[in-house]
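To keep things clear, I will list the structure first and then write my remarks on it.
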Number of protein chains: 4
Amino acid sequence: MTTAKVAVLGATGAIGQRFVHLLETHPWFRLTEVVASPRHAGEAYGDAVRWMDGALAPSAANLVLRDVNDDLEADLCFSALPGGEAGLIERALAARGYRVFTNARDLRLEPDVPLVIPEVNPDHLALLERQRHGPDGGFVVANGNCTAIILALTLKPLADAFGVRDCHVVSMQALSGAGYPGVPSLDVTDNVLPFIPGEEGKVESEVPKILGTVRDGGVSSSSLRVSATCTRVPVLEGHTLAVSVRLGDHAEPDRIHDAIRDFAGDPQRLRLPSAPALPLQVREEDDRPQPRRDRDAGGGMTVSVGRLRSDPILGWKFLAVGSNTVRGAAGASLLNAELAAAYGLLR
Amino acid sequence: MTTAKVAVLGATGAIGQRFVHLLETHPWFRLTEVVASPRHAGEAYGDAVRWMDGALAPSAANLVLRDVNDDLEADLCFSALPGGEAGLIERALAARGYRVFTNARDLRLEPDVPLVIPEVNPDHLALLERQRHGPDGGFVVANGNCTAIILALTLKPLADAFGVRDCHVVSMQALSGAGYPGVPSLDVTDNVLPFIPGEEGKVESEVPKILGTVRDGGVSSSSLRVSATCTRVPVLEGHTLAVSVRLGDHAEPDRIHDAIRDFAGDPQRLRLPSAPALPLQVREEDDRPQPRRDRDAGGGMTVSVGRLRSDPILGWKFLAVGSNTVRGAAGASLLNAELAAAYGLLR
Amino acid sequence: MTTAKVAVLGATGAIGQRFVHLLETHPWFRLTEVVASPRHAGEAYGDAVRWMDGALAPSAANLVLRDVNDDLEADLCFSALPGGEAGLIERALAARGYRVFTNARDLRLEPDVPLVIPEVNPDHLALLERQRHGPDGGFVVANGNCTAIILALTLKPLADAFGVRDCHVVSMQALSGAGYPGVPSLDVTDNVLPFIPGEEGKVESEVPKILGTVRDGGVSSSSLRVSATCTRVPVLEGHTLAVSVRLGDHAEPDRIHDAIRDFAGDPQRLRLPSAPALPLQVREEDDRPQPRRDRDAGGGMTVSVGRLRSDPILGWKFLAVGSNTVRGAAGASLLNAELAAAYGLLR
Amino acid sequence: MTTAKVAVLGATGAIGQRFVHLLETHPWFRLTEVVASPRHAGEAYGDAVRWMDGALAPSAANLVLRDVNDDLEADLCFSALPGGEAGLIERALAARGYRVFTNARDLRLEPDVPLVIPEVNPDHLALLERQRHGPDGGFVVANGNCTAIILALTLKPLADAFGVRDCHVVSMQALSGAGYPGVPSLDVTDNVLPFIPGEEGKVESEVPKILGTVRDGGVSSSSLRVSATCTRVPVLEGHTLAVSVRLGDHAEPDRIHDAIRDFAGDPQRLRLPSAPALPLQVREEDDRPQPRRDRDAGGGMTVSVGRLRSDPILGWKFLAVGSNTVRGAAGASLLNAELAAAYGLLR
């Protein structure tokens with residue numbers, strides 16, 4: 001396989017930086033273009049970006065920022081564009097022939113856009129038939145909201161083994177999920193913020209699509225009911241989810257643990273570069289998972305599950321922790337692109 | 001009314017200090033005895049205590065620490081004794097004729113011990129008939145676990161107006177709830193701890209007793225099912241609860257808001273000294289209640305409720321914030337004692 | 001004394017809100033005007049402001065926001081305007097006859113503007129002779145930077161008793177000093193920021209002026225040398241200063257403690273409404289002062305000093321904590337205005 | 001070189017865990033013994049330890065905890081024993097023939113114990129002549145207090161190039177420096193602790209010894225005067241130091257920068273396994289170094305320096321950040337042992 005050329009859209013923002021970082025040593029993809037708002041076009045990336053953590057690689061620092069309307073030397077694009085403006089731009093790029101993997105919210109629920117987690121619903125890529133005009137045509141593949149991805153990953157093995165009828169989730173989300181500058185320290189120090197605009201609706205609508213079924217060239221959403229309460233806590237990175245589920249069939253704790261532990265998908269079978277050995281790990285300790293201690297599991301691509309126990313109302317409950325910027329954002333798009341490459345969709 | 005003399009048991013601990021602080025300016029009660037473990041007996045309170053916040057009143061600082069077996073010059077006792085050892089001591093004090101108001105967990109579920117929130121179930125004091133031997137006899141009145149109290153307060157107006165069949169709660173609890181030294185900073189900085197030993201069981205068992213009915217001289221627990229997940233977050237004071245409820249009857253949001261807003265009880269009618277004007281307040285803003293900004297409402301005795309909205313699974317959901325050390329601990333015992341005084345039970 | 005009418009400039013910002021809050025119950029001053037940027041003019045204050053902590057008084061919430069060029073129904077103005085634009089506006093207001101007490105940095109070092117801490121240099125108000133045109137003329141009185149005020153307060157009794165030749169200070173400053181939204185939580189969580197733009201220069205230049213001498217109608221700065229390093233730490237409110245001083249004369253620790261403890265000035269003698277009983281308090285404990293536990297001393301107007309000990313290089317060192325938003329900002333302007341009123345300068 | 005067998009004393013504590021972690025992949029040293037208090041002797045390390053971060057290697061988890069009086073299968077020992085009891089045990093181990101590299105405070109100032117930072121004073125190992133009885137004899141080599149090490153590293157190039165007469169330091173130290181459970185979250189959240197017992201004396205006495213000269217078989221301390229103020233801030237790891245120095249000779253900023261940047265020592269020349277490429281790095285940004293963003297530089301072995309500027313009193317000032325648990329503790333002992341091995345002292 002030859003190396004594909006890659007553009008990152010919204011490269012100066014928090015998630016854009018994660019893309020740039022994850023691409024530094026990628027075996028299949030090579031960063032050739034960084035794209036930002038027109039006012040930065042022409043600047044060196046290293047001058048324009050306020051790099052957040054670690055050191056920026058010189059090869060990226062020297063790239064010149066481009067405008068999205070430029071002719072980009074890239075086979076595919078990763079989009080970290082802000083919601084609200086991303087959709088139109090991504091559709092336009094697809095029409096110009098680019099293959100776009102987006103972390104933005106705008107197109108996630110569009111009937112012709114696959115909303116994909118490679119371990120969960122790789123078959124949804126079949127929706128691309130609806131988008132592509134000829135074999136070289138561009139397209140858009142979306143990944144979900146960070147909380148929706150982490151939740152859907154934990155639900156998939158349960159859905160396969162027992163069915164899931166109801167899912168009630170309360171999230172304690174990290175600060176990095178709000179971008180930069182994001183949450184003022186005066187608001188969140190010694191505090192919990194009980195509301196994240198738009199977040200609960202995304203979780204409640206995206207998870208059923210992700211767990212939906214391909215039928216007649218479209219995706220039929222799962223009948224699963226989701227209730228989400230999303231809060232922000234003083235944690236830098238790593239979302240914590242308190243999840244309760246009503247399963248379709250009777251289940252024993254051992255069988256639930258086994259289903260979670262044995263869960264794997266095409267990324268593991270195809271040994272995709274960003275795929276963790278385990279998409280889910282079970283922590284046996286009473287007091288795990290914890291965001292600070294478990295967010296980096298599997299390079300940020302493994303979701304940690306623990307405290308599985310019975311729920312007097314819904315049947316079962318557990319806690320889950322996952323990296324919101326890796327598995328929940330930049331790593332999600334990247335794994336989608338790797339899956340598409342392995343399926344031959346980038347040729 | 002003459003001033004009653006008061007002993008605080010476990011006076012050097014975090015909750016003991018809250019009792020001492022709240023009693024400083026109390027119109028009905030006067031702190032006359034501070035009781036701690038035998039190794040401190042004979043020391044001045046001000047020398048033995050590591051006072052946490054604000055300034056310790058000289059009148060309290062000069063009190064000499066007593067052993068619990070001493071003859072205490074006190075009409076009633078507030079107990080901040082540690083769970084596990086509190087029960088035996090409190091029973092013994094009651095047998096010696098003291099009226100004990102305890103924040104400890106040991107006796108909360110005992111059939112003859114009222115587990116009281118004055119606005120919710122003042123009639124449970126009828127259980128004292130089972131304990132008292134003669135009009136001057138001692139007794140024990142318990143208050144609930146901090147999370148159980150905050151939750152039960154929010155449920156009571158809903159139970160009265162609509163009935164509550166199921167209650168699912170995820171708590172984000174403050175550090176002060178773990179006492180001192182409590183949670184190591186290395187564990188909770190930039191982190192969430194997904195487990196608090198024993199906490200979920202307390203919430204699930206205490207709330208139905210608090211919402212139960214006095215019948216044939218005993219308390220018959222409510223049939224309400226409670227599911228609790230209790231976590232610890234980096235917040236100094238004030239528990240945040242994400243609550244979902246299945247009501248017995250159909251309800252409209254306006255009627256739910258009205259039920260919460262109009263809620264009041266004997267403490268308000270009797271104008272008890274520690275009673276807030278409102279036991280519950282509704283915050284209309286999208287992003288409230290927040291622990292740092294709402295924990296001091298009503299001097300720490302008012303629970304703040306917000307974000308009432310429909311829950312796709314259970315019907316309704318909302319968030320609540322309350323002070324865990326005031327309404328959820330020392331203030332709870334104090335209000336119980338004031339209620340007992342107003343009912344003539346301290347004579 | 002009749003009540004003076006007061007306008008707050010920059011009323012919607014963090015310090016503006018502090019002014020509004022402190023004025024709520026003020027015995028001498030009554031808030032009659034709130035002034036903000038033209039785009040808010042005409043809105044109710046309660047609608048325009050994102051009120052940070054506690055509850056906004058209805059009387060303030062109902063005030064209509066005015067433009068600074070409007071005719072203001074006010075005898076005096078408190079300015080919480082942003083540095084850079086404050087100076088011109090404040091000079092213009094003075095020319096229109098208003099008496100302005102400003103927390104902004106722009107005019108602090110102007111030769112005709114007194115830079116006053118009432119306990120330290122009330123005689124600097126003599127500079128107003130240079131500004132006023134007739135007995136009813138307007139003027140501007142400035143207070144210092146938050147760190148400069150806290151530092152100058154601790155230095156004054158030492159300067160009086162022993163002389164101070166050198167002062168080396170390292171500050172650990174609170175988040176509230178950066179205004180709102182201020183410091184992003186992603187920058188300061190689990191972190192220290194070693195730089196605050198412009199801050200060190202302010203401390204190094206303002207303290208010598210504050211400790212200077214009135215001579216020939218001007219202020220001659222103290223020859224004291226100041227070295228400041230200013231950092232930001234994850235603390236909501238209350239600056240902590242590590243101070244080392246080289247005194248002019250030999251000093252014994254007891255005499256230094258006495259000088260600090262006995263320190264008082266005109267605000268105490270005149271019993272000004274915002275004056276604390278003690279401008280400085282000495283904490284004897286090893287581990288005090290601490291910002292969270294000492295910032296509210298004297299209603300935020302008392303600076304706490306502790307850990308006085310010898311410094312092998314400069315002679316003596318100690319730590320100090322003070323409220324940056326009260327003593328270091330809004331309370332500073334307010335006390336200046338009270339002093340001016342007591343001196344008859346507001347008639 | 002064959003692999004040396006290594007015992008870690010105090011293996012279950014916070015620094016002991018760091019040793020175990022750093023030894024996992026060490027090319028020269030192999031962990032063969034873990035030693036803890038007698039009550040744990042016989043337990044598997046993995047069962048006895050409350051492992052703090054990341055995953056414990058199975059090879060270490062399966063080691064059986066030994067008592068320090070057992071016959072240890074080890075060529076050298078790393079000591080993370082608590083101060084106060086460490087000294088006697090370490091002397092006894094040396095008498096039994098073990099080569100001990102200790103992080104404990106007890107013996108640091110003993111005339112026959114070298115207090116070593118390999119880049120700063122490797123020649124101090126000559127003191128071992130005073131300890132050893134025969135070529136196979138045991139000995140004790142100490143490393144300094146965490147803050148003393150970070151400070152001495154920054155001073156060494158200045159001392160060599162210009163001489164350093166006075167050094168004034170204010171530290172903002174991380175929570176991990178207090179061990180586990182260490183600092184209660186109720187004390188340090190939204191707070192600064194202005195005192196760390198014993199710390200300032202260690203810094204003031206150890207740095208002159210480290211910068212001292214070997215003469216007549218002993219170490220003659222530097223005449224450098226050190227003034228230290230040590231505080232604790234809510235940061236997990238990484239100490240921040242605000243340093244002011246009076247140099248012996250005139251210096252220009254460029255030459256100071258060069259001296260810091262070009263600094264290297266035997267660990268770099270000998271390419272010791274734990275040696276960073278640069279012991280010191282200069283950050284040019286206004287707002288660096290920061291503990292969270294710079295503590296991991298050079299695997300925790302590089303100290304970051306920034307904000308070099310003139311100090312009106314002492315001449316020059318700057319800020320420095322270093323990892324307190326790696327360069328300031330476990331990594332310090334390890335690098336000392338590597339240096340001793342390269343010098344042939346472990347044969």
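Each chain in the structure tokens gets a letter, A, B and so on, in the order shown; residues start at 1 in every chain, and ligands are counted from 1 in the order they appear.
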Item checked: Selection: 10 Å around Pro111 (chain D), only C-alpha atoms, excl. self and same-chain fewer than 4 positions, as an MDAnalysis selection string -> chainID D and resid 107 115 127 130 209 217:220
Check: which chain D residues lie within 8 Å of chain A using only C-alpha atoms, as a CSV table (one decimal) with N, CA, C and O atoms, in the first residue's frame:
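The new file iface38.csv reads:
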chain,number,residue,atom,x,y,z
D,53,ASP,N,-0.4,4.4,39.0
D,53,ASP,CA,-0.6,4.9,37.6
D,53,ASP,C,-0.1,3.9,36.6
D,53,ASP,O,0.9,3.2,36.8
D,54,GLY,N,-0.8,3.8,35.5
D,54,GLY,CA,-0.4,2.8,34.5
D,54,GLY,C,-0.6,1.4,35.0
D,54,GLY,O,-1.3,1.1,35.9
D,189,THR,N,-7.3,21.7,47.5
D,189,THR,CA,-8.2,22.1,46.4
D,189,THR,C,-8.5,23.6,46.6
D,189,THR,O,-8.8,24.1,47.6
D,190,ASP,N,-8.4,24.4,45.4
D,190,ASP,CA,-8.6,25.8,45.5
D,190,ASP,C,-7.8,26.5,46.6
D,190,ASP,O,-8.2,27.3,47.3
D,293,ARG,N,3.0,21.0,31.3
D,293,ARG,CA,3.5,20.9,29.9
D,293,ARG,C,5.0,20.6,29.8
D,293,ARG,O,5.4,20.2,28.7
D,294,ASP,N,5.7,20.7,30.8
D,294,ASP,CA,7.2,20.5,30.7
D,294,ASP,C,7.7,19.5,31.6
D,294,ASP,O,8.9,19.1,31.5
Next item on the list: Could you give me, as number ranges by chain, the residues within 9 Å of region 300-311 of chain C, counting only C-alpha atoms and dropping anything in the same chain fewer than 2 positions from it?
Entry: C: 150, 153-154, 238, 244-246, 253, 256-257, 260, 274-290, 294-298, 313-328, 331-332; D: 194-195, 226-228
Check: Quick one: distance from CA of Thr229 (chain A) to CA of Ala152 (chain A) in Å, one decimal?
Finding: 15.5 Å
Margin query: as a list in words, please: every residue in region 292-344 of chain A that DSSP puts in alpha helix (DSSP H).
Written below: Arg292, Arg293, Asp294, Gly331, Ala332, Ser333, Leu334, Leu335, Asn336, Ala337, Glu338, Leu339, Ala340, Ala341 and Ala342 of chain A
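Selecting strand (DSSP E or B) from the backbone DSSP output for region 45-207 of chain B yields Val64, Leu65, Arg66, Leu76, Cys77, Phe78, Ser79, Arg99, Val100, Phe101, Thr102, Leu115, Phe139, Val140, Val141, Ala142, Val164, Arg165, Asp166, Cys167, His168, Val169, Val170, Ser171, Met172, Gln173, Pro184 and Leu193 of chain B.
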Go ahead and write the residues just picked, C-alpha atoms, as a tab-separated table (two decimals), in the first residue's frame.
chain	number	residue	atom	x	y	z
B	64	VAL	CA	-12.65	20.72	77.85
B	65	LEU	CA	-13.03	17.52	75.85
B	66	ARG	CA	-14.97	14.83	77.67
B	76	LEU	CA	-29.40	16.50	74.17
B	77	CYS	CA	-26.55	15.13	72.12
B	78	PHE	CA	-25.60	15.55	68.49
B	79	SER	CA	-23.66	12.57	67.24
B	99	ARG	CA	-31.89	12.58	73.62
B	100	VAL	CA	-29.56	11.76	70.78
B	101	PHE	CA	-29.75	13.21	67.26
B	102	THR	CA	-27.36	11.27	65.11
B	115	LEU	CA	-35.16	8.43	60.11
B	139	PHE	CA	-34.06	8.26	72.57
B	140	VAL	CA	-32.23	8.29	69.25
B	141	VAL	CA	-33.41	10.16	66.17
B	142	ALA	CA	-31.42	9.62	62.98
B	164	VAL	CA	-43.07	8.14	42.38
B	165	ARG	CA	-42.61	4.54	41.29
B	166	ASP	CA	-38.94	4.51	40.23
B	167	CYS	CA	-36.02	6.80	40.94
B	168	HIS	CA	-32.68	6.49	39.20
B	169	VAL	CA	-29.92	8.70	40.57
B	170	VAL	CA	-26.28	9.28	39.65
B	171	SER	CA	-24.47	11.40	42.21
B	172	MET	CA	-21.35	13.51	41.79
B	173	GLN	CA	-20.36	13.90	45.42
B	184	PRO	CA	-6.04	12.00	48.89
B	193	LEU	CA	-13.68	8.29	41.50
Next item on the list: Mind checking which residues fall within 7 Å of Thr3 (chain A), counting only C-alpha atoms, ignoring those fewer than 4 positions away in the same chain, and posting them as a PyMOL selection string?
Entry: chain A and resi 28-30
Restricted to C-alpha atoms, what would the selected residues look like written as a short mmCIF file (atom, residue, chain, number, x, y, z; two decimals), in the first residue's frame?
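What landed in part.cif:
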data_model
loop_
_atom_site.label_atom_id
_atom_site.label_comp_id
_atom_site.auth_asym_id
_atom_site.auth_seq_id
_atom_site.Cartn_x
_atom_site.Cartn_y
_atom_site.Cartn_z
CA TRP A 28 -0.35 4.74 5.84
CA PHE A 29 -1.11 8.46 5.87
CA ARG A 30 1.15 11.44 5.42
#
Next item on the list: Identify, on the basis of only C-alpha atoms, every residue whose closest approach to Ala60 (chain A) does not exceed 10 Å; exclude the query and any residue fewer than 3 positions from it along the same chain; express the result as number ranges by chain.
Entry: A: 20-21, 23-24, 31-34, 44-46, 56-57, 63-64
Neighbour list for Asp249 (chain D) as a compact mmCIF listing (two decimals) with N, CA, C and O atoms, in the first residue's frame, cut-off 9 Å, only C-alpha atoms, skip fewer than 4 positions in-chain:
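Here's the written file selection-v3.txt:
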# COMPACT_ATOMS: atom_id res chain seq x y z
N ALA D 161 30.28 29.36 34.96
CA ALA D 161 30.59 30.46 34.03
C ALA D 161 30.80 31.79 34.75
O ALA D 161 31.62 32.61 34.32
N PHE D 162 30.05 32.02 35.81
CA PHE D 162 30.05 33.36 36.40
C PHE D 162 30.27 33.36 37.92
O PHE D 162 30.52 34.40 38.51
N GLY D 163 30.14 32.22 38.52
CA GLY D 163 30.06 32.17 39.97
C GLY D 163 28.66 32.56 40.43
O GLY D 163 28.01 33.40 39.79
N VAL D 164 28.17 31.93 41.51
CA VAL D 164 26.87 32.30 42.08
C VAL D 164 27.09 32.59 43.56
O VAL D 164 27.57 31.72 44.30
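Across the structure, CA of Leu346 (chain C) and CA of Phe19 (chain C) are spaced 18.6 Å apart.
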Checklist line | Coordinates-based distance that separates CA of Gly144 (chain C) from CA of Leu334 (chain C) (Å, one decimal) | finding: 12.7 Å
